[in-house]
$ cat target_15.txt   # compact mmCIF, C-alpha atoms and all ligand atoms
# COMPACT_ATOMS: atom_id res chain seq x y z
CA MET J 1 63.16 129.98 21.84
CA ALA J 2 65.67 128.42 19.46
CA ASP J 3 69.35 128.02 20.34
CA LYS J 4 71.76 130.52 18.81
CA VAL J 5 74.69 130.14 16.45
CA VAL J 6 77.24 132.88 15.72
CA LEU J 7 78.17 132.83 12.04
CA ALA J 8 81.29 134.46 10.60
CA TYR J 9 79.46 136.46 7.94
CA SER J 10 81.14 137.98 4.91
CA GLY J 11 78.04 139.14 3.07
CA GLY J 12 78.82 136.88 0.13
CA LEU J 13 76.61 134.19 -1.36
CA ASP J 14 77.69 131.21 0.74
CA THR J 15 77.40 132.81 4.14
CA SER J 16 74.10 134.47 3.15
CA VAL J 17 72.68 131.11 2.15
CA ALA J 18 74.11 129.69 5.38
CA ILE J 19 71.92 132.02 7.46
CA ARG J 20 68.80 130.43 6.00
CA TRP J 21 70.27 126.95 5.89
CA LEU J 22 71.24 126.98 9.59
CA LYS J 23 67.63 127.81 10.45
CA GLU J 24 66.21 125.14 8.13
CA GLU J 25 68.61 122.32 8.98
CA TYR J 26 69.48 123.00 12.61
CA ASN J 27 66.66 125.28 13.73
CA LEU J 28 69.25 127.74 15.02
CA ASP J 29 68.82 131.50 15.29
CA VAL J 30 71.74 133.10 13.52
CA VAL J 31 73.78 135.98 14.93
CA ALA J 32 75.81 137.25 11.96
CA LEU J 33 79.26 138.53 12.92
CA THR J 34 81.17 140.49 10.28
CA ILE J 35 84.79 141.20 11.09
CA ASP J 36 86.57 144.15 9.54
CA VAL J 37 90.20 143.18 8.97
CA GLY J 38 90.67 145.82 6.32
CA ASN J 39 88.65 144.17 3.59
CA GLU J 40 87.18 147.49 2.51
CA ARG J 41 83.49 147.08 2.12
CA ASP J 42 80.21 148.78 2.93
CA PHE J 43 79.75 147.23 6.33
CA SER J 44 76.36 148.75 7.02
CA ALA J 45 75.06 147.20 3.79
CA VAL J 46 76.48 143.84 4.91
CA GLU J 47 74.74 144.25 8.25
CA GLN J 48 71.41 145.10 6.58
CA LYS J 49 71.73 142.15 4.27
CA ALA J 50 72.29 139.71 7.15
CA LEU J 51 69.10 140.91 8.79
CA LYS J 52 67.12 140.85 5.56
CA VAL J 53 68.21 137.29 4.87
CA GLY J 54 67.03 136.21 8.32
CA ALA J 55 69.70 136.76 10.96
CA VAL J 56 68.24 137.64 14.37
CA LYS J 57 71.12 139.99 14.99
CA ALA J 58 73.95 141.42 12.91
CA LEU J 59 77.20 142.70 14.39
CA VAL J 60 80.18 144.36 12.75
CA LYS J 61 83.48 144.49 14.59
CA ASP J 62 86.38 146.66 13.54
CA ALA J 63 89.34 144.39 14.22
CA LYS J 64 91.93 146.22 12.12
CA GLU J 65 94.04 147.41 15.05
CA LEU J 66 94.04 144.02 16.76
CA PHE J 67 94.92 142.44 13.45
CA VAL J 68 97.90 144.70 12.87
CA ASN J 69 99.31 144.68 16.40
CA TYR J 70 98.75 141.07 17.42
CA PHE J 71 99.03 139.28 14.08
CA ILE J 72 100.57 141.20 11.19
CA PHE J 73 103.47 142.93 12.96
CA PRO J 74 104.63 139.84 14.88
CA ALA J 75 104.58 137.91 11.58
CA LEU J 76 106.55 140.71 9.91
CA GLN J 77 109.15 140.71 12.69
CA ALA J 78 109.46 136.96 12.16
CA ASP J 79 109.80 137.43 8.36
CA ALA J 80 107.08 134.82 8.00
CA ILE J 81 106.58 133.94 4.34
CA TYR J 82 105.06 130.58 3.42
CA GLU J 83 107.12 128.54 0.95
CA GLY J 84 109.17 131.61 0.15
CA GLN J 85 106.23 133.34 -1.51
CA TYR J 86 103.02 133.86 0.41
CA PRO J 87 102.96 136.61 3.10
CA LEU J 88 100.07 134.74 4.82
CA ALA J 89 97.32 137.36 4.65
CA THR J 90 94.28 135.09 4.81
CA ALA J 91 96.05 132.67 7.12
CA LEU J 92 96.79 135.38 9.69
CA SER J 93 93.22 136.65 9.81
CA ARG J 94 91.63 133.33 10.73
CA PRO J 95 92.81 132.90 14.31
CA LEU J 96 91.69 136.47 15.04
CA MET J 97 88.27 135.75 13.56
CA ALA J 98 88.07 132.57 15.62
CA LYS J 99 88.82 134.54 18.78
CA LEU J 100 86.08 137.09 18.05
CA LEU J 101 83.58 134.36 17.13
CA VAL J 102 84.19 132.66 20.46
CA ASP J 103 83.88 135.95 22.39
CA VAL J 104 80.59 136.83 20.72
CA ALA J 105 79.27 133.29 21.19
CA HIS J 106 79.88 133.65 24.93
CA GLU J 107 78.34 137.14 25.05
CA GLU J 108 75.27 135.97 23.17
CA GLY J 109 74.90 132.69 25.05
CA ALA J 110 75.16 130.79 21.76
CA SER J 111 75.70 127.04 21.72
CA ALA J 112 77.44 126.98 18.34
CA VAL J 113 79.60 128.91 15.91
CA ALA J 114 79.69 128.56 12.13
CA HIS J 115 81.93 129.55 9.23
CA GLY J 116 81.60 129.51 5.46
CA CYS J 117 84.62 127.36 4.56
CA THR J 118 84.43 124.32 2.33
CA GLY J 119 86.06 121.01 3.19
CA LYS J 120 88.98 121.42 0.78
CA GLY J 121 90.92 124.33 2.16
CA ASN J 122 93.16 125.46 4.96
CA ASP J 123 90.74 127.98 6.42
CA GLN J 124 88.40 125.35 7.92
CA VAL J 125 91.40 123.92 9.77
CA ARG J 126 92.56 127.32 11.04
CA PHE J 127 89.09 128.26 12.24
CA GLU J 128 88.29 125.02 13.97
CA VAL J 129 91.66 124.31 15.57
CA SER J 130 91.63 127.87 16.95
CA ILE J 131 88.00 127.77 18.13
CA ASN J 132 88.64 124.52 19.95
CA ALA J 133 91.76 125.96 21.55
CA LEU J 134 89.81 128.97 22.83
CA SER J 135 86.62 127.36 24.10
CA THR J 136 85.19 124.14 25.35
CA GLY J 137 81.81 122.83 24.40
CA LEU J 138 81.06 125.14 21.49
CA LYS J 139 79.66 123.21 18.57
CA ILE J 140 81.20 124.11 15.20
CA ILE J 141 79.10 123.97 12.06
CA ALA J 142 80.51 124.33 8.54
CA PRO J 143 77.45 124.61 6.27
CA ALA J 144 79.37 124.80 2.98
CA ARG J 145 81.24 121.61 3.90
CA GLU J 146 78.00 119.84 4.81
CA TRP J 147 75.40 120.90 2.34
CA GLY J 148 76.96 119.33 -0.75
CA MET J 149 75.54 121.95 -3.13
CA THR J 150 77.33 123.01 -6.32
CA ARG J 151 77.71 126.70 -7.10
CA GLU J 152 74.60 126.57 -9.32
CA GLU J 153 72.61 124.78 -6.64
CA THR J 154 73.65 127.36 -4.07
CA ILE J 155 72.49 130.11 -6.40
CA SER J 156 69.10 128.46 -6.95
CA TYR J 157 68.77 127.87 -3.19
CA ALA J 158 69.34 131.61 -2.79
CA GLN J 159 66.76 132.44 -5.44
CA ARG J 160 64.21 130.09 -3.86
CA TYR J 161 64.50 131.89 -0.51
CA ASP J 162 64.73 135.38 -1.93
CA ILE J 163 68.34 135.82 -0.89
CA PRO J 164 69.99 138.45 -3.08
CA VAL J 165 72.72 136.93 -5.24
CA PRO J 166 75.61 139.41 -5.39
CA ILE J 167 77.02 140.17 -8.83
CA THR J 168 80.31 138.83 -7.50
CA ALA J 169 78.65 135.40 -7.38
CA ALA J 170 78.79 135.47 -11.17
CA SER J 171 82.55 135.95 -10.94
CA PRO J 172 84.40 132.67 -11.28
CA TYR J 173 86.98 133.68 -8.68
CA SER J 174 87.11 133.04 -4.98
CA ILE J 175 88.50 136.10 -3.27
CA ASP J 176 89.54 136.88 0.27
CA GLU J 177 90.87 140.26 1.36
CA CYS J 178 92.42 141.81 4.44
CA LEU J 179 94.98 144.53 5.16
CA TRP J 180 97.90 142.17 4.54
CA GLY J 181 96.75 141.10 1.09
CA LYS J 182 94.21 139.71 -1.32
CA SER J 183 93.96 135.98 -2.19
CA ILE J 184 92.48 134.95 -5.53
CA GLU J 185 91.68 131.38 -6.59
CA CYS J 186 89.44 129.36 -8.96
CA GLY J 187 88.22 129.94 -12.52
CA VAL J 188 90.92 129.94 -15.20
CA LEU J 189 93.57 130.24 -12.46
CA GLU J 190 93.09 126.52 -11.81
CA ASP J 191 95.14 125.90 -14.95
CA PRO J 192 98.69 126.66 -13.82
CA TRP J 193 99.73 127.27 -17.44
CA VAL J 194 97.27 130.13 -17.91
CA GLU J 195 98.58 133.61 -17.21
CA PRO J 196 96.31 135.33 -14.67
CA PRO J 197 93.93 137.63 -16.56
CA GLU J 198 94.33 141.29 -15.73
CA GLU J 199 90.80 141.40 -14.28
CA VAL J 200 91.83 139.43 -11.16
CA PHE J 201 94.08 142.27 -10.03
CA THR J 202 92.47 145.19 -8.24
CA TRP J 203 95.14 146.29 -5.77
CA THR J 204 98.03 146.57 -8.20
CA LYS J 205 98.44 148.30 -11.51
CA ALA J 206 99.67 146.20 -14.44
CA PRO J 207 103.46 146.68 -14.38
CA ASP J 208 103.50 147.74 -18.04
CA LYS J 209 100.90 150.43 -17.28
CA ALA J 210 102.64 151.65 -14.13
CA PRO J 211 104.24 155.12 -14.07
CA ASP J 212 107.25 155.63 -16.35
CA ARG J 213 109.16 157.27 -13.52
CA PRO J 214 110.31 155.29 -10.50
CA GLY J 215 108.79 156.04 -7.12
CA TYR J 216 110.79 156.15 -3.91
CA VAL J 217 109.60 155.40 -0.42
CA GLU J 218 111.42 155.49 2.92
CA ILE J 219 110.17 153.22 5.67
CA GLY J 220 111.29 153.81 9.24
CA PHE J 221 111.36 150.91 11.71
CA GLU J 222 111.58 150.81 15.49
CA LYS J 223 112.52 147.43 16.93
CA GLY J 224 111.31 145.70 13.79
CA ILE J 225 107.99 147.56 13.61
CA PRO J 226 107.36 150.01 10.77
CA VAL J 227 106.43 153.39 12.20
CA THR J 228 107.05 156.02 9.52
CA ILE J 229 106.63 156.53 5.79
CA ASP J 230 108.87 159.24 4.34
CA GLY J 231 109.49 160.53 7.83
CA GLN J 232 105.81 160.82 8.70
CA LYS J 233 104.70 158.92 11.81
CA LEU J 234 101.67 156.71 11.23
CA ASP J 235 99.72 154.17 13.23
CA GLY J 236 100.02 150.61 11.93
CA VAL J 237 96.66 150.43 10.19
CA SER J 238 97.15 153.72 8.31
CA LEU J 239 100.73 152.83 7.44
CA ILE J 240 99.73 149.56 5.81
CA MET J 241 96.77 151.10 3.98
CA LYS J 242 98.92 153.91 2.66
CA LEU J 243 101.64 151.54 1.49
CA ASN J 244 99.15 149.25 -0.25
CA GLU J 245 98.07 152.19 -2.33
CA LEU J 246 101.46 153.77 -2.92
CA VAL J 247 103.20 150.53 -3.84
CA GLY J 248 100.30 148.98 -5.74
CA LYS J 249 100.35 151.95 -8.15
CA HIS J 250 103.79 150.80 -9.31
CA GLY J 251 102.58 147.27 -9.99
CA VAL J 252 104.54 145.82 -7.07
CA GLY J 253 103.10 142.99 -4.97
CA ARG J 254 101.77 140.37 -7.38
CA ILE J 255 102.49 136.75 -6.48
CA ASP J 256 101.75 133.56 -8.42
CA HIS J 257 102.23 130.64 -6.06
CA LEU J 258 101.78 126.94 -6.66
CA GLU J 259 101.12 126.16 -3.06
CA ASN J 260 101.02 123.09 -0.84
CA ARG J 261 97.85 123.14 1.21
CA LEU J 262 97.73 121.48 4.60
CA VAL J 263 95.03 119.12 3.36
CA GLY J 264 97.36 117.62 0.76
CA ILE J 265 96.30 119.52 -2.35
CA LYS J 266 98.63 121.55 -4.54
CA SER J 267 96.79 124.67 -5.57
CA ARG J 268 97.53 127.69 -7.72
CA GLU J 269 97.06 130.88 -5.75
CA ILE J 270 97.36 134.45 -6.89
CA TYR J 271 98.05 137.11 -4.31
CA GLU J 272 98.24 140.86 -4.31
CA ALA J 273 100.11 142.09 -1.27
CA PRO J 274 101.88 145.38 -2.03
CA ALA J 275 102.43 146.55 1.55
CA ALA J 276 103.38 143.09 2.79
CA VAL J 277 105.89 142.51 0.01
CA VAL J 278 107.75 145.79 0.51
CA LEU J 279 107.59 145.71 4.31
CA LEU J 280 109.02 142.18 4.40
CA GLN J 281 111.74 143.18 1.96
CA ALA J 282 112.59 146.36 3.85
CA HIS J 283 112.54 144.59 7.21
CA GLN J 284 114.96 141.94 6.03
CA ALA J 285 117.21 144.61 4.54
CA LEU J 286 117.40 146.33 7.91
CA GLU J 287 118.06 143.01 9.67
CA ALA J 288 120.94 142.43 7.26
CA MET J 289 122.46 145.61 8.68
CA THR J 290 121.67 145.15 12.38
CA LEU J 291 121.89 141.40 13.05
CA SER J 292 125.02 139.26 13.02
CA LYS J 293 125.55 136.61 10.37
CA GLU J 294 124.75 133.87 12.89
CA GLN J 295 121.59 135.59 14.10
CA ILE J 296 120.37 135.91 10.52
CA ARG J 297 121.16 132.26 9.71
CA PHE J 298 119.29 131.01 12.75
CA LYS J 299 116.41 133.42 12.32
CA GLN J 300 115.86 132.21 8.76
CA LYS J 301 115.15 128.73 10.14
CA VAL J 302 112.77 130.17 12.71
CA ALA J 303 111.03 132.12 9.94
CA ILE J 304 110.21 128.91 8.12
CA GLU J 305 108.79 127.33 11.29
CA TYR J 306 106.86 130.48 12.07
CA ALA J 307 105.33 130.65 8.60
CA ASP J 308 104.39 126.98 8.74
CA LEU J 309 102.65 127.30 12.07
CA ILE J 310 100.64 130.27 10.82
CA TYR J 311 99.73 128.48 7.62
CA ASN J 312 98.84 125.28 9.41
CA GLY J 313 96.46 126.82 11.93
CA LEU J 314 98.72 126.49 14.98
CA TRP J 315 98.61 130.14 16.11
CA PHE J 316 97.35 129.42 19.62
CA THR J 317 100.16 127.12 20.71
CA SER J 318 103.08 127.23 23.11
CA LEU J 319 105.48 126.65 20.23
CA HIS J 320 104.24 129.94 18.84
CA GLN J 321 104.66 131.73 22.17
CA ASP J 322 108.22 130.41 22.42
CA LEU J 323 109.19 131.39 18.87
CA ALA J 324 107.59 134.81 19.33
CA ALA J 325 109.74 135.42 22.41
CA TYR J 326 112.85 134.58 20.41
CA VAL J 327 111.79 136.80 17.52
CA LYS J 328 111.04 139.71 19.85
CA SER J 329 114.49 139.43 21.36
CA THR J 330 116.10 139.57 17.90
CA GLN J 331 114.35 142.86 17.15
CA ARG J 332 115.98 144.95 19.91
CA PHE J 333 118.26 146.76 17.45
CA VAL J 334 116.25 146.49 14.24
CA THR J 335 115.74 150.22 14.18
CA GLY J 336 116.47 152.44 11.21
CA THR J 337 115.28 153.49 7.78
CA VAL J 338 115.14 151.69 4.46
CA ARG J 339 114.76 153.42 1.12
CA LEU J 340 113.05 151.52 -1.68
CA LYS J 341 112.74 152.19 -5.37
CA LEU J 342 109.51 151.11 -7.07
CA PHE J 343 109.41 150.76 -10.81
CA LYS J 344 107.04 148.83 -13.08
CA GLY J 345 106.46 145.82 -10.85
CA ASN J 346 109.87 145.85 -9.24
CA CYS J 347 110.92 146.86 -5.80
CA GLN J 348 114.58 147.34 -4.90
CA VAL J 349 116.21 148.34 -1.69
CA VAL J 350 118.48 151.25 -2.63
CA GLY J 351 119.46 152.59 0.78
CA ARG J 352 119.46 151.75 4.47
CA LYS J 353 120.71 153.28 7.69
CA SER J 354 120.54 152.49 11.37
CA PRO J 355 121.87 153.95 14.63
CA LYS J 356 122.71 150.36 15.60
CA SER J 357 124.27 149.39 12.28
CA LEU J 358 126.92 146.66 12.31
CA TYR J 359 128.21 147.86 8.97
CA SER J 360 131.58 149.51 9.55
CA PHE J 361 132.87 151.82 6.87
CA GLY J 362 136.37 151.63 8.31
CA LEU J 363 136.41 147.85 7.89
CA ALA J 364 134.67 147.76 4.51
CA THR J 365 136.40 150.54 2.61
CA TYR J 366 139.09 149.99 0.00
CA ASP J 367 140.01 153.66 0.17
CA LYS J 368 141.81 155.84 2.66
CA GLY J 369 140.71 155.20 6.22
CA ASP J 370 140.96 151.42 5.88
CA GLU J 371 141.20 149.97 9.39
CA PHE J 372 141.31 146.32 8.41
CA ASP J 373 144.65 144.64 9.08
CA GLN J 374 145.24 142.77 5.83
CA SER J 375 148.35 141.05 7.11
CA ALA J 376 146.20 139.20 9.67
CA SER J 377 144.44 137.37 6.82
CA LEU J 378 147.49 135.24 6.23
CA GLY J 379 147.22 133.41 9.54
CA PHE J 380 143.44 133.27 9.25
CA ILE J 381 143.60 131.52 5.86
CA HIS J 382 146.22 129.11 7.12
CA ILE J 383 144.01 127.91 9.97
CA TRP J 384 140.73 128.06 8.04
CA GLY J 385 142.19 125.93 5.25
CA LEU J 386 143.93 123.43 7.49
CA PRO J 387 141.19 120.74 7.47
CA VAL J 388 140.63 121.29 3.75
CA LYS J 389 144.28 120.68 2.99
CA THR J 390 144.47 117.63 5.25
CA GLN J 391 141.41 115.97 3.73
CA ALA J 392 142.45 116.75 0.16
CA GLN J 393 145.80 115.09 0.66
CA VAL J 394 144.59 112.05 2.56
CA GLN J 395 141.31 111.30 0.76
CA LEU J 396 140.59 113.32 -2.33
CA LEU J 397 143.52 113.89 -4.61
CA GLY J 398 143.74 110.25 -5.69
CA GLU J 399 140.08 109.24 -5.52
CA ALA J 400 137.87 112.28 -6.02
CA GLU J 401 134.61 111.61 -7.92
CA GLY J 402 131.93 113.55 -9.74
CA PRO J 403 132.64 117.22 -10.14
CA LEU J 404 135.65 116.74 -7.88
CA SER J 405 137.28 114.21 -10.21
CA ILE J 406 138.90 117.24 -11.78
CA MET J 407 141.10 117.31 -8.65
CA LYS J 408 143.01 114.22 -9.72
CA PRO J 409 146.61 115.03 -10.63
CA LYS J 410 147.20 114.95 -14.41
CA ARG J 411 149.23 111.96 -15.47
CA ARG J 412 152.26 112.83 -17.47
N1 LIG J 501 95.68 129.67 -0.01
C1 LIG J 501 95.59 130.75 0.89
C2 LIG J 501 95.60 130.23 2.30
O1 LIG J 501 95.35 129.08 2.52
C3 LIG J 501 94.40 131.62 0.59
C4 LIG J 501 93.08 131.10 0.99
C5 LIG J 501 91.98 131.97 0.50
N2 LIG J 501 90.77 131.68 1.21
C6 LIG J 501 89.56 131.88 0.73
N3 LIG J 501 88.57 131.58 1.50
N4 LIG J 501 89.35 132.30 -0.49
O2 LIG J 501 95.86 130.97 3.20
$ encode --input "target_15.txt" --output "structure tokens" --more "lines below"
Ligand code: ARG
Amino acid sequence: MADKVVLAYSGGLDTSVAIRWLKEEYNLDVVALTIDVGNERDFSAVEQKALKVGAVKALVKDAKELFVNYFIFPALQADAIYEGQYPLATALSRPLMAKLLVDVAHEEGASAVAHGCTGKGNDQVRFEVSINALSTGLKIIAPAREWGMTREETISYAQRYDIPVPITAASPYSIDECLWGKSIECGVLEDPWVEPPEEVFTWTKAPDKAPDRPGYVEIGFEKGIPVTIDGQKLDGVSLIMKLNELVGKHGVGRIDHLENRLVGIKSREIYEAPAAVVLLQAHQALEAMTLSKEQIRFKQKVAIEYADLIYNGLWFTSLHQDLAAYVKSTQRFVTGTVRLKLFKGNCQVVGRKSPKSLYSFGLATYDKGDEFDQSASLGFIHIWGLPVKTQAQVQLLGEAEGPLSIMKPKRR
């Protein structure tokens, strides 16, 4: 009996060809594992296809709940956004897939696992770093990195072995989807000057075709986790699915990112992430109300680190555990409701409230009821400005340069 390999199987061309290729090149029996992270699809068709193409076993695992609770929501609480733009959809799904691959490999007594990534992207790194963190002695095979076939050659390989070529193989785009967003690359998108053609977008309506009336949505958070939409309690998976639909209709959630990959390449990436975009925006709006200035400043630095470690495949590390503990602590009072206005591709926060709000009407108001002691500002300004005044007199007034040369006293 041949050894077994567990392959992360999407049902697409590359991983279908990989089933045959792993048998031919490595004489391995393939167990195809398809992981449902909210990439809506006919999973029983995917399962049938794996078997038809030659897998000895095909498994489908619904991982949506795990994905939301262990990956998406912690990243949301951290405000993790890569390079200020990318909510990290694909990047977050990979360590989860690695975990399930390793589990199934152990259950099946397989000696190897395989994935469909090429040698140019981040996903190969995320998969393999995570797999190696979670297991010892599992061989990792990356057929698409090894076989050296072009797209056309892969298609003729498929035809030679009677592997159905999906119509999507004719599409020039490389697409990856999960609950937290859709990633689109390749084709004309590789020219950063070309506007993305409308056909690449399937989750969001074109902003100019979006409804002529604004939509409103209220998102309720408990300790940094979204729990209600318009007052209705929802589990995490349903909440994200519902928001993707509701927000996408208004054309909100399109991202055009010229991104720095871990492997040194700059690449142009298009994302659609309606739920992620509004949840991140709403979450930060609520933090603005419930965290101190210093907490927010420090947390912004942590957010950058957190996003980088997700992007760079370092999910299963102690640094992550440490940062997650900090983030969790910051969320104790991030409870409340944010109201957002959606209109033709735009999303604006138009209201927020919290039982633990640090916003004080009595301090902020210019009207009756003002509790702020304005006379105290005099002493405050005196002390605050003391070092400024000292330095200006000793060092700057005579010798200031650049934009500060305007400080020099005018000669009469
Ligand atoms: N650039 C994004 C990332 O590295 C998206 C990758 C999309 N992956 C894919 N296999 N199409 O996370």
$ closest_residue --input "target_15.txt" --among "J:Trp203, J:Pro172, J:Val227, J:Asn122" --to "Ile265 (chain J)" --atoms "all atoms listed in the file"
J:Asn122
$ residues_around --input "target_15.txt" --residues "Gly362 (chain J)" --least-positions-apart "4" --cutoff "7 Å" --atoms "all atoms listed in the file" --output "number ranges by chain"
J: 369-371
$ residues_near_point --input "target_15.txt" --point "(121.0, 150.8, 14.3)" --cutoff "9 Å" --atoms "only C-alpha atoms" --output "list in words"
Leu286, Met289, Thr290, Phe333, Val334, Thr335, Gly336, Lys353, Ser354, Pro355, Lys356, Ser357 and Leu358 of chain J
$ residues_near_ligand --input "target_15.txt" --ligand "ligand LIG 501 (chain J)" --cutoff "6 Å" --atoms "only C-alpha atoms and all ligand atoms" --output "list of chain:residue names"
J:Leu88, J:Thr90, J:Ala91, J:Asn122, J:Ser174, J:Ile175, J:Asp176, J:Ser183
$ residues_around --input "target_15.txt" --residues "region 97-104 of chain J" --least-positions-apart "5" --cutoff "8 Å" --atoms "only C-alpha atoms" --output "mmCIF file with C-alpha atoms, keeping the file's coordinate frame"
data_model
loop_
_atom_site.group_PDB
_atom_site.id
_atom_site.type_symbol
_atom_site.label_atom_id
_atom_site.label_comp_id
_atom_site.auth_asym_id
_atom_site.auth_seq_id
_atom_site.Cartn_x
_atom_site.Cartn_y
_atom_site.Cartn_z
ATOM 1 C CA VAL J 6 77.240 132.880 15.720
ATOM 2 C CA LEU J 7 78.170 132.830 12.040
ATOM 3 C CA ALA J 8 81.290 134.460 10.600
ATOM 4 C CA LEU J 33 79.260 138.530 12.920
ATOM 5 C CA ILE J 35 84.790 141.200 11.090
ATOM 6 C CA VAL J 113 79.600 128.910 15.910
ATOM 7 C CA PHE J 127 89.090 128.260 12.240
ATOM 8 C CA GLU J 128 88.290 125.020 13.970
ATOM 9 C CA SER J 130 91.630 127.870 16.950
ATOM 10 C CA ILE J 131 88.000 127.770 18.130
ATOM 11 C CA LEU J 134 89.810 128.970 22.830
ATOM 12 C CA SER J 135 86.620 127.360 24.100
#
$ residues_around --input "target_15.txt" --residues "Ala303 (chain J)" --least-positions-apart "3" --cutoff "6 Å" --atoms "all atoms listed in the file" --output "list in words"
Ala78, Asp79, Ala80, Gln300 and Tyr306 of chain J
$ write_last_selection --input "target_15.txt" --atoms "C-alpha atoms" --output "mmCIF file, in the frame of the given file"
data_model
loop_
_atom_site.group_PDB
_atom_site.id
_atom_site.type_symbol
_atom_site.label_atom_id
_atom_site.label_comp_id
_atom_site.auth_asym_id
_atom_site.auth_seq_id
_atom_site.Cartn_x
_atom_site.Cartn_y
_atom_site.Cartn_z
ATOM 1 C CA ALA J 78 109.460 136.960 12.160
ATOM 2 C CA ASP J 79 109.800 137.430 8.360
ATOM 3 C CA ALA J 80 107.080 134.820 8.000
ATOM 4 C CA GLN J 300 115.860 132.210 8.760
ATOM 5 C CA TYR J 306 106.860 130.480 12.070
#
$ residues_around --input "target_15.txt" --residues "Arg268 (chain J)" --least-positions-apart "2" --cutoff "8 Å" --atoms "only C-alpha atoms" --output "PDB file with C-alpha atoms, keeping the file's coordinate frame"
ATOM      1  CA  GLU J 185      91.680 131.380  -6.590  1.00  0.00           C
ATOM      2  CA  LEU J 189      93.570 130.240 -12.460  1.00  0.00           C
ATOM      3  CA  GLU J 190      93.090 126.520 -11.810  1.00  0.00           C
ATOM      4  CA  ASP J 191      95.140 125.900 -14.950  1.00  0.00           C
ATOM      5  CA  PRO J 192      98.690 126.660 -13.820  1.00  0.00           C
ATOM      6  CA  ASP J 256     101.750 133.560  -8.420  1.00  0.00           C
ATOM      7  CA  HIS J 257     102.230 130.640  -6.060  1.00  0.00           C
ATOM      8  CA  LEU J 258     101.780 126.940  -6.660  1.00  0.00           C
ATOM      9  CA  GLU J 259     101.120 126.160  -3.060  1.00  0.00           C
ATOM     10  CA  LYS J 266      98.630 121.550  -4.540  1.00  0.00           C
ATOM     11  CA  ILE J 270      97.360 134.450  -6.890  1.00  0.00           C
TER      12      ILE J 270
END
$ closest_residue --input "target_15.txt" --among "J:Ile383, J:Tyr359, J:Gln331, J:Lys344" --to "Ile296 (chain J)" --atoms "all atoms listed in the file"
J:Gln331
$ closest_residue --input "target_15.txt" --among "J:Tyr157, J:Trp147, J:Tyr86, J:Tyr9" --to "Lys61 (chain J)" --atoms "only C-alpha atoms"
J:Tyr9
$ residues_around --input "target_15.txt" --residues "Leu179 (chain J)" --least-positions-apart "5" --cutoff "9 Å" --atoms "all atoms listed in the file" --output "compact mmCIF listing (two decimals) with C-alpha atoms, in the coordinates of the input"
# COMPACT_ATOMS: atom_id res chain seq x y z
CA VAL J 37 90.20 143.18 8.97
CA GLY J 38 90.67 145.82 6.32
CA ASN J 39 88.65 144.17 3.59
CA GLU J 40 87.18 147.49 2.51
CA LYS J 64 91.93 146.22 12.12
CA PHE J 67 94.92 142.44 13.45
CA VAL J 68 97.90 144.70 12.87
CA ILE J 72 100.57 141.20 11.19
CA ALA J 89 97.32 137.36 4.65
CA VAL J 237 96.66 150.43 10.19
CA ILE J 240 99.73 149.56 5.81
CA MET J 241 96.77 151.10 3.98
CA ASN J 244 99.15 149.25 -0.25
CA ALA J 273 100.11 142.09 -1.27
CA ALA J 275 102.43 146.55 1.55
CA ALA J 276 103.38 143.09 2.79
$ closest_residue --input "target_15.txt" --among "J:Val129, J:Val388, J:Gln284, J:Pro87" --to "Glu272 (chain J)" --atoms "all atoms listed in the file"
J:Pro87
$ closest_residue --input "target_15.txt" --among "J:His283, J:Thr118, J:Tyr326, J:Gly253" --to "Gln295 (chain J)" --atoms "all atoms listed in the file"
J:Tyr326
$ atom_distance --input "target_15.txt" --atom1 "CA of His250 (chain J)" --atom2 "CA of Lys341 (chain J)"
9.9 Å
$ atom_distance --input "target_15.txt" --atom1 "CA of Ser171 (chain J)" --atom2 "CA of Arg254 (chain J)"
20.0 Å
$ atom_distance --input "target_15.txt" --atom1 "CA of Ile219 (chain J)" --atom2 "CA of Lys301 (chain J)"
25.4 Å
$ closest_residue --input "target_15.txt" --among "J:Arg352, J:Ala170, J:Ser267, J:Ser238" --to "Ala288 (chain J)" --atoms "all atoms listed in the file"
J:Arg352
$ residues_near_point --input "target_15.txt" --point "(109.0, 148.8, -10.6)" --cutoff "8 Å" --atoms "only C-alpha atoms" --output "MDAnalysis selection string"
chainID J and resid 207 210 214 250:252 341:347
$ axis_aligned_box --input "target_15.txt" --around "region 229-236 of chain J" --padding-each-side "3 Å" --output "lines of an AutoDock Vina configuration file"
center_x = 104.6
center_y = 155.7
center_z = 8.8
size_x = 15.8
size_y = 16.2
size_z = 14.9
